[in-house]
>>> print(open('protein26.pdb').read())   # PDB, C-alpha atoms, pLDDT in the B column
ATOM      1  CA  MET A   1     -26.776  38.863  -4.018  1.00 67.00           C
ATOM      2  CA  VAL A   2     -29.053  37.212  -1.434  1.00 70.00           C
ATOM      3  CA  HIS A   3     -28.451  37.081   2.319  1.00 80.00           C
ATOM      4  CA  ARG A   4     -29.667  33.820   3.793  1.00 90.00           C
ATOM      5  CA  VAL A   5     -30.190  33.167   7.478  1.00 93.00           C
ATOM      6  CA  ARG A   6     -30.010  29.896   9.320  1.00 92.00           C
ATOM      7  CA  THR A   7     -29.963  28.698  12.894  1.00 94.00           C
ATOM      8  CA  THR A   8     -26.566  27.735  14.267  1.00 94.00           C
ATOM      9  CA  ASP A   9     -26.052  24.133  15.333  1.00 93.00           C
ATOM     10  CA  ASP A  10     -25.570  25.336  18.907  1.00 93.00           C
ATOM     11  CA  ALA A  11     -28.952  27.092  18.876  1.00 94.00           C
ATOM     12  CA  LEU A  12     -30.651  24.011  17.389  1.00 93.00           C
ATOM     13  CA  GLU A  13     -29.202  21.927  20.195  1.00 91.00           C
ATOM     14  CA  LYS A  14     -30.530  24.389  22.757  1.00 93.00           C
ATOM     15  CA  LEU A  15     -33.967  24.469  21.091  1.00 93.00           C
ATOM     16  CA  ARG A  16     -34.058  20.688  21.457  1.00 91.00           C
ATOM     17  CA  GLY A  17     -33.851  21.223  25.216  1.00 91.00           C
ATOM     18  CA  VAL A  18     -36.554  23.901  25.085  1.00 93.00           C
ATOM     19  CA  TYR A  19     -38.941  21.565  23.313  1.00 91.00           C
ATOM     20  CA  ALA A  20     -38.143  18.809  25.775  1.00 91.00           C
ATOM     21  CA  ALA A  21     -39.159  21.187  28.569  1.00 93.00           C
ATOM     22  CA  LEU A  22     -42.445  22.015  26.859  1.00 92.00           C
ATOM     23  CA  SER A  23     -43.342  18.398  26.324  1.00 86.00           C
ATOM     24  CA  GLY A  24     -42.316  17.348  29.810  1.00 85.00           C
ATOM     25  CA  GLY A  25     -39.149  15.592  28.683  1.00 74.00           C
ATOM     26  CA  HIS A  26     -40.282  14.097  25.380  1.00 57.00           C
ATOM     27  CA  GLY A  27     -37.677  15.748  23.196  1.00 50.00           C
ATOM     28  CA  SER A  28     -37.206  12.928  20.707  1.00 46.00           C
ATOM     29  CA  ASP A  29     -39.965  14.238  18.421  1.00 50.00           C
ATOM     30  CA  LEU A  30     -37.830  17.280  17.818  1.00 49.00           C
ATOM     31  CA  ASP A  31     -34.914  15.122  16.701  1.00 50.00           C
ATOM     32  CA  VAL A  32     -37.115  13.783  13.930  1.00 46.00           C
ATOM     33  CA  SER A  33     -38.182  17.275  12.978  1.00 51.00           C
ATOM     34  CA  MET A  34     -34.609  18.544  12.958  1.00 51.00           C
ATOM     35  CA  GLU A  35     -33.459  15.614  10.830  1.00 52.00           C
ATOM     36  CA  PHE A  36     -36.153  16.644   8.407  1.00 47.00           C
ATOM     37  CA  ASN A  37     -34.949  20.235   8.414  1.00 52.00           C
ATOM     38  CA  THR A  38     -31.355  19.183   7.903  1.00 51.00           C
ATOM     39  CA  ALA A  39     -32.452  17.066   4.943  1.00 52.00           C
ATOM     40  CA  ARG A  40     -34.520  19.934   3.580  1.00 50.00           C
ATOM     41  CA  ARG A  41     -31.632  22.358   4.012  1.00 50.00           C
ATOM     42  CA  LYS A  42     -29.318  20.021   2.096  1.00 51.00           C
ATOM     43  CA  ALA A  43     -31.932  19.648  -0.619  1.00 51.00           C
ATOM     44  CA  LEU A  44     -32.285  23.394  -0.959  1.00 49.00           C
ATOM     45  CA  THR A  45     -28.563  23.931  -1.242  1.00 49.00           C
ATOM     46  CA  SER A  46     -27.794  21.026  -3.573  1.00 48.00           C
ATOM     47  CA  SER A  47     -29.059  20.098  -7.008  1.00 45.00           C
ATOM     48  CA  ALA A  48     -31.045  17.157  -5.664  1.00 44.00           C
ATOM     49  CA  PRO A  49     -34.277  17.057  -7.672  1.00 41.00           C
ATOM     50  CA  ASP A  50     -36.511  15.357  -5.123  1.00 42.00           C
ATOM     51  CA  PHE A  51     -37.858  17.020  -2.030  1.00 41.00           C
ATOM     52  CA  PRO A  52     -37.339  14.734   0.977  1.00 47.00           C
ATOM     53  CA  VAL A  53     -40.292  13.203   2.724  1.00 46.00           C
ATOM     54  CA  ALA A  54     -40.591  14.009   6.410  1.00 51.00           C
ATOM     55  CA  PRO A  55     -39.639  10.942   8.457  1.00 54.00           C
ATOM     56  CA  ARG A  56     -42.333   9.542  10.709  1.00 49.00           C
TER      57      ARG A  56
ATOM     58  CA  MET B   1     -62.294  16.297  27.315  1.00 47.00           C
ATOM     59  CA  SER B   2     -64.904  17.686  24.940  1.00 52.00           C
ATOM     60  CA  PRO B   3     -65.118  16.398  21.348  1.00 51.00           C
ATOM     61  CA  ASN B   4     -64.043  19.849  20.177  1.00 55.00           C
ATOM     62  CA  SER B   5     -60.848  19.936  22.220  1.00 59.00           C
ATOM     63  CA  GLY B   6     -60.045  16.375  21.160  1.00 59.00           C
ATOM     64  CA  LEU B   7     -60.429  17.407  17.544  1.00 60.00           C
ATOM     65  CA  LYS B   8     -58.334  20.515  18.150  1.00 63.00           C
ATOM     66  CA  ASN B   9     -55.550  18.461  19.726  1.00 61.00           C
ATOM     67  CA  ALA B  10     -55.650  15.949  16.882  1.00 57.00           C
ATOM     68  CA  HIS B  11     -55.486  18.777  14.366  1.00 59.00           C
ATOM     69  CA  SER B  12     -52.583  20.421  16.187  1.00 60.00           C
ATOM     70  CA  ALA B  13     -50.640  17.186  16.279  1.00 57.00           C
ATOM     71  CA  ALA B  14     -51.259  16.449  12.623  1.00 54.00           C
ATOM     72  CA  SER B  15     -50.670  19.918  11.252  1.00 57.00           C
ATOM     73  CA  SER B  16     -47.447  20.970  12.910  1.00 69.00           C
ATOM     74  CA  ASN B  17     -44.018  19.620  13.750  1.00 81.00           C
ATOM     75  CA  PRO B  18     -42.406  20.232  17.181  1.00 85.00           C
ATOM     76  CA  ILE B  19     -40.632  23.388  16.050  1.00 89.00           C
ATOM     77  CA  GLN B  20     -43.883  24.788  14.683  1.00 89.00           C
ATOM     78  CA  ARG B  21     -45.611  23.847  17.920  1.00 90.00           C
ATOM     79  CA  MET B  22     -43.124  26.015  19.830  1.00 93.00           C
ATOM     80  CA  GLY B  23     -43.997  28.834  17.443  1.00 94.00           C
ATOM     81  CA  LEU B  24     -47.714  28.288  18.096  1.00 93.00           C
ATOM     82  CA  VAL B  25     -47.138  28.448  21.856  1.00 96.00           C
ATOM     83  CA  LEU B  26     -45.381  31.788  21.367  1.00 96.00           C
ATOM     84  CA  ASP B  27     -48.319  32.986  19.233  1.00 96.00           C
ATOM     85  CA  HIS B  28     -50.775  32.145  22.008  1.00 96.00           C
ATOM     86  CA  LEU B  29     -48.557  33.871  24.574  1.00 97.00           C
ATOM     87  CA  VAL B  30     -48.477  37.012  22.430  1.00 97.00           C
ATOM     88  CA  ALA B  31     -52.271  36.882  22.193  1.00 96.00           C
ATOM     89  CA  ALA B  32     -52.430  36.451  25.974  1.00 97.00           C
ATOM     90  CA  LEU B  33     -50.238  39.541  26.352  1.00 97.00           C
ATOM     91  CA  GLY B  34     -52.442  41.924  24.420  1.00 95.00           C
ATOM     92  CA  ASP B  35     -50.924  41.094  21.014  1.00 95.00           C
ATOM     93  CA  ASP B  36     -47.639  42.695  21.989  1.00 96.00           C
ATOM     94  CA  PRO B  37     -44.723  40.614  20.644  1.00 96.00           C
ATOM     95  CA  SER B  38     -42.279  43.092  22.154  1.00 96.00           C
ATOM     96  CA  SER B  39     -43.222  41.702  25.565  1.00 97.00           C
ATOM     97  CA  PRO B  40     -40.246  40.253  27.445  1.00 97.00           C
ATOM     98  CA  LEU B  41     -40.393  36.480  27.949  1.00 97.00           C
ATOM     99  CA  ARG B  42     -40.148  37.256  31.682  1.00 96.00           C
ATOM    100  CA  ARG B  43     -43.552  38.998  31.501  1.00 97.00           C
ATOM    101  CA  ALA B  44     -45.039  35.825  30.009  1.00 98.00           C
ATOM    102  CA  GLN B  45     -43.522  33.889  32.918  1.00 97.00           C
ATOM    103  CA  ILE B  46     -45.256  36.165  35.411  1.00 97.00           C
ATOM    104  CA  LEU B  47     -48.590  35.757  33.647  1.00 98.00           C
ATOM    105  CA  VAL B  48     -48.231  31.965  33.547  1.00 98.00           C
ATOM    106  CA  ASP B  49     -47.347  31.942  37.252  1.00 97.00           C
ATOM    107  CA  ILE B  50     -50.442  33.980  38.165  1.00 98.00           C
ATOM    108  CA  ASP B  51     -52.584  31.665  36.025  1.00 97.00           C
ATOM    109  CA  ALA B  52     -51.093  28.655  37.807  1.00 97.00           C
ATOM    110  CA  HIS B  53     -51.759  30.180  41.240  1.00 97.00           C
ATOM    111  CA  PRO B  54     -55.141  31.959  41.211  1.00 96.00           C
ATOM    112  CA  ASP B  55     -55.515  34.612  43.940  1.00 95.00           C
ATOM    113  CA  THR B  56     -51.775  34.727  44.425  1.00 96.00           C
ATOM    114  CA  THR B  57     -50.048  37.848  45.705  1.00 95.00           C
ATOM    115  CA  GLN B  58     -47.244  39.898  44.210  1.00 94.00           C
ATOM    116  CA  THR B  59     -44.845  38.811  46.952  1.00 94.00           C
ATOM    117  CA  GLU B  60     -45.543  35.131  46.271  1.00 96.00           C
ATOM    118  CA  VAL B  61     -44.910  35.576  42.521  1.00 96.00           C
ATOM    119  CA  MET B  62     -41.655  37.435  43.286  1.00 95.00           C
ATOM    120  CA  GLU B  63     -40.475  34.615  45.530  1.00 95.00           C
ATOM    121  CA  ARG B  64     -41.375  31.858  43.069  1.00 95.00           C
ATOM    122  CA  LEU B  65     -39.799  33.552  40.047  1.00 94.00           C
ATOM    123  CA  LYS B  66     -36.917  35.304  41.869  1.00 92.00           C
ATOM    124  CA  ILE B  67     -37.834  38.660  40.360  1.00 92.00           C
ATOM    125  CA  ASN B  68     -36.869  41.939  41.997  1.00 92.00           C
ATOM    126  CA  LYS B  69     -39.548  44.268  43.318  1.00 93.00           C
ATOM    127  CA  SER B  70     -39.168  47.135  40.837  1.00 94.00           C
ATOM    128  CA  THR B  71     -39.397  44.813  37.819  1.00 93.00           C
ATOM    129  CA  MET B  72     -42.332  43.063  39.404  1.00 94.00           C
ATOM    130  CA  ASN B  73     -44.218  46.323  40.086  1.00 94.00           C
ATOM    131  CA  ARG B  74     -43.671  47.455  36.514  1.00 95.00           C
ATOM    132  CA  GLU B  75     -44.792  44.154  34.991  1.00 96.00           C
ATOM    133  CA  ILE B  76     -47.862  43.799  37.211  1.00 96.00           C
ATOM    134  CA  ASP B  77     -48.926  47.348  36.328  1.00 96.00           C
ATOM    135  CA  TRP B  78     -48.495  46.512  32.653  1.00 97.00           C
ATOM    136  CA  LEU B  79     -50.543  43.307  32.965  1.00 97.00           C
ATOM    137  CA  TYR B  80     -53.275  45.139  34.868  1.00 96.00           C
ATOM    138  CA  ASP B  81     -53.371  48.092  32.444  1.00 96.00           C
ATOM    139  CA  HIS B  82     -53.709  45.699  29.500  1.00 96.00           C
ATOM    140  CA  GLY B  83     -56.535  43.726  31.070  1.00 96.00           C
ATOM    141  CA  CYS B  84     -54.500  40.541  31.537  1.00 97.00           C
ATOM    142  CA  VAL B  85     -55.019  40.281  35.306  1.00 97.00           C
ATOM    143  CA  MET B  86     -57.550  41.459  37.868  1.00 96.00           C
ATOM    144  CA  ARG B  87     -56.493  42.692  41.303  1.00 93.00           C
ATOM    145  CA  GLN B  88     -58.569  42.366  44.429  1.00 90.00           C
ATOM    146  CA  SER B  89     -57.925  43.443  48.027  1.00 88.00           C
ATOM    147  CA  GLY B  90     -57.707  40.592  50.517  1.00 84.00           C
ATOM    148  CA  GLN B  91     -60.732  39.954  52.750  1.00 83.00           C
ATOM    149  CA  ILE B  92     -58.598  39.394  55.858  1.00 83.00           C
ATOM    150  CA  ASP B  93     -55.914  41.989  55.187  1.00 84.00           C
ATOM    151  CA  GLY B  94     -56.987  44.755  52.812  1.00 81.00           C
ATOM    152  CA  ARG B  95     -53.363  45.709  52.146  1.00 84.00           C
ATOM    153  CA  VAL B  96     -52.702  42.368  50.449  1.00 88.00           C
ATOM    154  CA  ILE B  97     -53.632  42.364  46.755  1.00 91.00           C
ATOM    155  CA  HIS B  98     -54.655  39.083  45.148  1.00 95.00           C
ATOM    156  CA  MET B  99     -54.410  38.544  41.405  1.00 96.00           C
ATOM    157  CA  VAL B 100     -56.076  36.305  38.831  1.00 96.00           C
ATOM    158  CA  THR B 101     -55.758  36.069  35.059  1.00 96.00           C
ATOM    159  CA  CYS B 102     -58.853  37.029  33.105  1.00 95.00           C
ATOM    160  CA  GLY B 103     -60.448  37.519  29.705  1.00 93.00           C
ATOM    161  CA  TYR B 104     -58.390  37.008  26.584  1.00 95.00           C
ATOM    162  CA  SER B 105     -55.268  36.261  28.644  1.00 96.00           C
ATOM    163  CA  LYS B 106     -56.860  33.328  30.410  1.00 96.00           C
ATOM    164  CA  LYS B 107     -58.321  31.997  27.163  1.00 95.00           C
ATOM    165  CA  ASN B 108     -55.053  32.201  25.244  1.00 96.00           C
ATOM    166  CA  LEU B 109     -53.013  30.749  28.092  1.00 97.00           C
ATOM    167  CA  SER B 110     -55.367  27.801  27.999  1.00 95.00           C
ATOM    168  CA  LEU B 111     -54.619  27.391  24.279  1.00 95.00           C
ATOM    169  CA  ALA B 112     -50.867  27.564  24.970  1.00 96.00           C
ATOM    170  CA  LEU B 113     -51.260  24.928  27.681  1.00 96.00           C
ATOM    171  CA  ASP B 114     -52.748  22.546  25.105  1.00 92.00           C
ATOM    172  CA  TYR B 115     -49.194  22.201  23.753  1.00 92.00           C
ATOM    173  CA  ALA B 116     -47.683  21.639  27.200  1.00 93.00           C
ATOM    174  CA  ASP B 117     -49.737  18.628  28.280  1.00 91.00           C
ATOM    175  CA  HIS B 118     -51.967  21.123  30.137  1.00 94.00           C
ATOM    176  CA  SER B 119     -49.156  21.609  32.631  1.00 95.00           C
ATOM    177  CA  HIS B 120     -48.239  25.063  33.906  1.00 96.00           C
ATOM    178  CA  ILE B 121     -44.937  23.569  35.056  1.00 95.00           C
ATOM    179  CA  ASN B 122     -44.104  22.443  31.507  1.00 95.00           C
ATOM    180  CA  LEU B 123     -45.034  25.859  30.120  1.00 96.00           C
ATOM    181  CA  GLN B 124     -42.961  27.585  32.795  1.00 96.00           C
ATOM    182  CA  ASN B 125     -39.977  25.299  32.108  1.00 95.00           C
ATOM    183  CA  PHE B 126     -40.367  26.015  28.399  1.00 96.00           C
ATOM    184  CA  LEU B 127     -40.150  29.768  29.070  1.00 96.00           C
ATOM    185  CA  GLU B 128     -37.259  29.415  31.508  1.00 95.00           C
ATOM    186  CA  SER B 129     -35.179  27.300  29.127  1.00 94.00           C
ATOM    187  CA  LEU B 130     -36.020  29.651  26.265  1.00 95.00           C
ATOM    188  CA  ILE B 131     -34.876  32.689  28.286  1.00 95.00           C
ATOM    189  CA  ASN B 132     -31.626  30.867  29.092  1.00 94.00           C
ATOM    190  CA  ILE B 133     -30.808  30.473  25.394  1.00 94.00           C
ATOM    191  CA  PHE B 134     -30.365  34.219  25.024  1.00 96.00           C
ATOM    192  CA  ASP B 135     -27.403  36.256  26.228  1.00 92.00           C
ATOM    193  CA  SER B 136     -29.431  39.452  26.199  1.00 86.00           C
ATOM    194  CA  SER B 137     -30.890  40.609  29.500  1.00 84.00           C
ATOM    195  CA  LYS B 138     -34.489  41.003  28.326  1.00 91.00           C
ATOM    196  CA  PRO B 139     -35.259  38.664  25.419  1.00 96.00           C
ATOM    197  CA  THR B 140     -38.666  39.293  23.878  1.00 96.00           C
ATOM    198  CA  ILE B 141     -41.234  36.969  22.369  1.00 97.00           C
ATOM    199  CA  ARG B 142     -40.326  38.517  18.996  1.00 96.00           C
ATOM    200  CA  ASP B 143     -36.701  37.338  19.424  1.00 96.00           C
ATOM    201  CA  ALA B 144     -37.896  33.856  20.322  1.00 97.00           C
ATOM    202  CA  LYS B 145     -40.280  33.679  17.365  1.00 96.00           C
ATOM    203  CA  LEU B 146     -37.546  34.730  14.913  1.00 95.00           C
ATOM    204  CA  LEU B 147     -35.268  32.024  16.270  1.00 96.00           C
ATOM    205  CA  VAL B 148     -37.936  29.322  16.126  1.00 95.00           C
ATOM    206  CA  SER B 149     -39.031  30.401  12.633  1.00 94.00           C
ATOM    207  CA  ALA B 150     -35.433  30.247  11.395  1.00 95.00           C
ATOM    208  CA  ALA B 151     -35.109  26.729  12.821  1.00 94.00           C
ATOM    209  CA  ASP B 152     -38.305  25.719  11.042  1.00 92.00           C
ATOM    210  CA  LEU B 153     -37.359  27.229   7.689  1.00 92.00           C
ATOM    211  CA  GLY B 154     -33.875  25.705   7.685  1.00 90.00           C
ATOM    212  CA  LYS B 155     -32.327  28.364   5.473  1.00 88.00           C
ATOM    213  CA  ALA B 156     -34.230  31.474   4.544  1.00 91.00           C
ATOM    214  CA  THR B 157     -33.894  34.933   3.137  1.00 93.00           C
ATOM    215  CA  ARG B 158     -34.578  37.831   5.485  1.00 92.00           C
ATOM    216  CA  PRO B 159     -37.992  38.614   3.906  1.00 93.00           C
ATOM    217  CA  GLU B 160     -39.003  34.933   4.235  1.00 94.00           C
ATOM    218  CA  LEU B 161     -37.977  34.940   7.879  1.00 94.00           C
ATOM    219  CA  PHE B 162     -39.647  38.259   8.693  1.00 95.00           C
ATOM    220  CA  GLY B 163     -42.779  37.039   6.904  1.00 94.00           C
ATOM    221  CA  ARG B 164     -43.024  34.190   9.405  1.00 92.00           C
ATOM    222  CA  SER B 165     -42.488  36.436  12.413  1.00 92.00           C
ATOM    223  CA  TYR B 166     -44.651  39.132  13.946  1.00 94.00           C
ATOM    224  CA  GLN B 167     -45.531  42.273  12.073  1.00 90.00           C
ATOM    225  CA  ALA B 168     -43.156  45.093  12.845  1.00 91.00           C
ATOM    226  CA  SER B 169     -41.158  47.772  11.112  1.00 92.00           C
ATOM    227  CA  LEU B 170     -38.191  46.538   9.119  1.00 92.00           C
ATOM    228  CA  THR B 171     -35.902  48.328  11.563  1.00 94.00           C
ATOM    229  CA  THR B 172     -37.346  46.424  14.513  1.00 94.00           C
ATOM    230  CA  ASN B 173     -37.023  43.072  12.741  1.00 94.00           C
ATOM    231  CA  VAL B 174     -33.485  43.771  11.548  1.00 93.00           C
ATOM    232  CA  ARG B 175     -32.438  44.875  15.043  1.00 94.00           C
ATOM    233  CA  SER B 176     -33.817  41.679  16.518  1.00 95.00           C
ATOM    234  CA  LEU B 177     -32.162  39.531  13.846  1.00 94.00           C
ATOM    235  CA  GLU B 178     -28.796  41.219  14.246  1.00 94.00           C
ATOM    236  CA  SER B 179     -28.982  40.702  17.988  1.00 95.00           C
ATOM    237  CA  LEU B 180     -29.578  36.983  17.429  1.00 96.00           C
ATOM    238  CA  VAL B 181     -26.578  36.862  15.088  1.00 96.00           C
ATOM    239  CA  GLU B 182     -24.402  38.640  17.668  1.00 95.00           C
ATOM    240  CA  GLN B 183     -25.465  36.101  20.276  1.00 96.00           C
ATOM    241  CA  GLY B 184     -24.404  33.241  17.984  1.00 96.00           C
ATOM    242  CA  LEU B 185     -27.935  31.894  17.590  1.00 96.00           C
ATOM    243  CA  LEU B 186     -28.323  32.717  13.890  1.00 96.00           C
ATOM    244  CA  GLU B 187     -25.767  32.981  11.124  1.00 94.00           C
ATOM    245  CA  THR B 188     -25.975  34.605   7.724  1.00 90.00           C
ATOM    246  CA  ASP B 189     -24.285  33.879   4.451  1.00 84.00           C
ATOM    247  CA  THR B 190     -24.376  35.541   1.075  1.00 72.00           C
ATOM    248  CA  GLU B 191     -25.251  33.881  -2.212  1.00 65.00           C
ATOM    249  CA  ASN B 192     -25.006  35.356  -5.688  1.00 59.00           C
TER     250      ASN B 192
END
>>> encode(input="protein26.pdb", output="structure tokens")
Amino acid sequence: MVHRVRTTDDALEKLRGVYAALSGGHGSDLDVSMEFNTARRKALTSSAPDFPVAPR
Amino acid sequence: MSPNSGLKNAHSAASSNPIQRMGLVLDHLVAALGDDPSSPLRRAQILVDIDAHPDTTQTEVMERLKINKSTMNREIDWLYDHGCVMRQSGQIDGRVIHMVTCGYSKKNLSLALDYADHSHINLQNFLESLINIFDSSKPTIRDAKLLVSAADLGKATRPELFGRSYQASLTTNVRSLESLVEQGLLETDTEN
């Protein structure tokens, strides 16, 4: 039995705002990164054989 | 900008995504605070404020950050005892103490600022918005790093997550994680 931890959607949304603050309002980069993480999370929890490529 | 810093910035941009960059900022802040990840984020705010306003006084920092006097006294003593700031009596009024960041704190704050467009305001806003995420009264840099690491990993086991955070006893890490779960920032599930 393995306990897995993940960030809640609410926290991810708030982290988007935190990154926007750090970059002086340029939060869109984080959207790309989070899309990548969502894709990676789906890949890890499904039987999909290919690891997704990070969008650029 | 020197060729070295240009190369460093290019490397930072190429080697990390935005979530990882937030983690790197936290790492530099920990280094600026004497390698103590248990430091409250509020302490980092005070250090950043002093760095942004060289020769500032305790009263000025209190007014800018809206921090009460007892907390401020405690945090300034901590920063001074750990060699993060220097204190100097004023030349006009000897009762007024001026403060500046120094040594490893100044160096590591400069590295953190690389990720904030070299803007103290951006770094301060980053810390303020990070503090506001937490329900707890005194969130630490360790709490923030666990949260950011979890966001970066997507879905991770506890050992994977703790391996990406700062070294601490298992009890300390578990306490921090459980607090994040209670605050609705992390969630756990069980797989067979």
>>> closest_atom_pairs(input="protein26.pdb", of="chain B", to="chain A", cutoff="10 Å", atoms="all atoms listed in the file", output="JSON lines")
{"residue": "B:Ser16", "atom": "CA", "partner": "A:Ser33", "partner_atom": "CA", "distance": 10.0}
{"residue": "B:Asn17", "atom": "CA", "partner": "A:Ser33", "partner_atom": "CA", "distance": 6.3}
{"residue": "B:Pro18", "atom": "CA", "partner": "A:Leu30", "partner_atom": "CA", "distance": 5.5}
{"residue": "B:Ile19", "atom": "CA", "partner": "A:Leu30", "partner_atom": "CA", "distance": 6.9}
{"residue": "B:Gln20", "atom": "CA", "partner": "A:Ser33", "partner_atom": "CA", "distance": 9.6}
{"residue": "B:Arg21", "atom": "CA", "partner": "A:Tyr19", "partner_atom": "CA", "distance": 8.9}
{"residue": "B:Met22", "atom": "CA", "partner": "A:Tyr19", "partner_atom": "CA", "distance": 7.0}
{"residue": "B:Val25", "atom": "CA", "partner": "A:Leu22", "partner_atom": "CA", "distance": 9.4}
{"residue": "B:Leu113", "atom": "CA", "partner": "A:Leu22", "partner_atom": "CA", "distance": 9.3}
{"residue": "B:Tyr115", "atom": "CA", "partner": "A:Leu22", "partner_atom": "CA", "distance": 7.4}
{"residue": "B:Ala116", "atom": "CA", "partner": "A:Leu22", "partner_atom": "CA", "distance": 5.3}
{"residue": "B:Asp117", "atom": "CA", "partner": "A:Ser23", "partner_atom": "CA", "distance": 6.7}
{"residue": "B:His118", "atom": "CA", "partner": "A:Ser23", "partner_atom": "CA", "distance": 9.8}
{"residue": "B:Ser119", "atom": "CA", "partner": "A:Gly24", "partner_atom": "CA", "distance": 8.5}
{"residue": "B:His120", "atom": "CA", "partner": "A:Leu22", "partner_atom": "CA", "distance": 9.6}
{"residue": "B:Ile121", "atom": "CA", "partner": "A:Gly24", "partner_atom": "CA", "distance": 8.5}
{"residue": "B:Asn122", "atom": "CA", "partner": "A:Leu22", "partner_atom": "CA", "distance": 5.0}
{"residue": "B:Leu123", "atom": "CA", "partner": "A:Leu22", "partner_atom": "CA", "distance": 5.7}
{"residue": "B:Gln124", "atom": "CA", "partner": "A:Leu22", "partner_atom": "CA", "distance": 8.2}
{"residue": "B:Asn125", "atom": "CA", "partner": "A:Ala21", "partner_atom": "CA", "distance": 5.5}
{"residue": "B:Phe126", "atom": "CA", "partner": "A:Leu22", "partner_atom": "CA", "distance": 4.8}
{"residue": "B:Leu127", "atom": "CA", "partner": "A:Val18", "partner_atom": "CA", "distance": 8.0}
{"residue": "B:Glu128", "atom": "CA", "partner": "A:Val18", "partner_atom": "CA", "distance": 8.5}
{"residue": "B:Ser129", "atom": "CA", "partner": "A:Val18", "partner_atom": "CA", "distance": 5.5}
{"residue": "B:Leu130", "atom": "CA", "partner": "A:Val18", "partner_atom": "CA", "distance": 5.9}
{"residue": "B:Ile131", "atom": "CA", "partner": "A:Val18", "partner_atom": "CA", "distance": 9.5}
{"residue": "B:Asn132", "atom": "CA", "partner": "A:Lys14", "partner_atom": "CA", "distance": 9.1}
{"residue": "B:Ile133", "atom": "CA", "partner": "A:Lys14", "partner_atom": "CA", "distance": 6.6}
{"residue": "B:Phe134", "atom": "CA", "partner": "A:Ala11", "partner_atom": "CA", "distance": 9.5}
{"residue": "B:Leu146", "atom": "CA", "partner": "A:Thr7", "partner_atom": "CA", "distance": 9.9}
{"residue": "B:Leu147", "atom": "CA", "partner": "A:Thr7", "partner_atom": "CA", "distance": 7.1}
{"residue": "B:Val148", "atom": "CA", "partner": "A:Leu15", "partner_atom": "CA", "distance": 8.0}
{"residue": "B:Ser149", "atom": "CA", "partner": "A:Thr7", "partner_atom": "CA", "distance": 9.2}
{"residue": "B:Ala150", "atom": "CA", "partner": "A:Arg6", "partner_atom": "CA", "distance": 5.8}
{"residue": "B:Ala151", "atom": "CA", "partner": "A:Thr7", "partner_atom": "CA", "distance": 5.5}
{"residue": "B:Asp152", "atom": "CA", "partner": "A:Asn37", "partner_atom": "CA", "distance": 6.9}
{"residue": "B:Leu153", "atom": "CA", "partner": "A:Asn37", "partner_atom": "CA", "distance": 7.4}
{"residue": "B:Gly154", "atom": "CA", "partner": "A:Arg41", "partner_atom": "CA", "distance": 5.5}
{"residue": "B:Lys155", "atom": "CA", "partner": "A:Arg6", "partner_atom": "CA", "distance": 4.7}
{"residue": "B:Ala156", "atom": "CA", "partner": "A:Arg4", "partner_atom": "CA", "distance": 5.2}
{"residue": "B:Thr157", "atom": "CA", "partner": "A:Arg4", "partner_atom": "CA", "distance": 4.4}
{"residue": "B:Arg158", "atom": "CA", "partner": "A:Arg4", "partner_atom": "CA", "distance": 6.6}
{"residue": "B:Pro159", "atom": "CA", "partner": "A:Arg4", "partner_atom": "CA", "distance": 9.6}
{"residue": "B:Glu160", "atom": "CA", "partner": "A:Arg4", "partner_atom": "CA", "distance": 9.4}
{"residue": "B:Leu161", "atom": "CA", "partner": "A:Val5", "partner_atom": "CA", "distance": 8.0}
{"residue": "B:Leu177", "atom": "CA", "partner": "A:Val5", "partner_atom": "CA", "distance": 9.2}
{"residue": "B:Leu180", "atom": "CA", "partner": "A:Thr7", "partner_atom": "CA", "distance": 9.5}
{"residue": "B:Val181", "atom": "CA", "partner": "A:Thr7", "partner_atom": "CA", "distance": 9.1}
{"residue": "B:Gln183", "atom": "CA", "partner": "A:Ala11", "partner_atom": "CA", "distance": 9.8}
{"residue": "B:Gly184", "atom": "CA", "partner": "A:Thr8", "partner_atom": "CA", "distance": 7.0}
{"residue": "B:Leu185", "atom": "CA", "partner": "A:Ala11", "partner_atom": "CA", "distance": 5.1}
{"residue": "B:Leu186", "atom": "CA", "partner": "A:Thr7", "partner_atom": "CA", "distance": 4.5}
{"residue": "B:Glu187", "atom": "CA", "partner": "A:Arg6", "partner_atom": "CA", "distance": 5.5}
{"residue": "B:Thr188", "atom": "CA", "partner": "A:Val5", "partner_atom": "CA", "distance": 4.5}
{"residue": "B:Asp189", "atom": "CA", "partner": "A:Arg4", "partner_atom": "CA", "distance": 5.4}
{"residue": "B:Thr190", "atom": "CA", "partner": "A:His3", "partner_atom": "CA", "distance": 4.5}
{"residue": "B:Glu191", "atom": "CA", "partner": "A:Val2", "partner_atom": "CA", "distance": 5.1}
{"residue": "B:Asn192", "atom": "CA", "partner": "A:Met1", "partner_atom": "CA", "distance": 4.3}
>>> residues_around(input="protein26.pdb", residues="Ile76 (chain B)", least_positions_apart="4", cutoff="9 Å", atoms="all atoms listed in the file", output="ChimeraX atom specification")
/B:43,46-47,58,71-72,80-81,85
>>> residues_around(input="protein26.pdb", residues="Tyr104 (chain B)", least_positions_apart="5", cutoff="10 Å", atoms="only C-alpha atoms", output="PDB file with C-alpha atoms, keeping the file's coordinate frame")
ATOM      1  CA  ALA B  31     -52.271  36.882  22.193  1.00 96.00           C
ATOM      2  CA  ALA B  32     -52.430  36.451  25.974  1.00 97.00           C
ATOM      3  CA  LEU B  33     -50.238  39.541  26.352  1.00 97.00           C
ATOM      4  CA  GLY B  34     -52.442  41.924  24.420  1.00 95.00           C
ATOM      5  CA  GLY B  83     -56.535  43.726  31.070  1.00 96.00           C
ATOM      6  CA  CYS B  84     -54.500  40.541  31.537  1.00 97.00           C
ATOM      7  CA  VAL B  85     -55.019  40.281  35.306  1.00 97.00           C
ATOM      8  CA  LEU B 109     -53.013  30.749  28.092  1.00 97.00           C
ATOM      9  CA  SER B 110     -55.367  27.801  27.999  1.00 95.00           C
TER      10      SER B 110
END
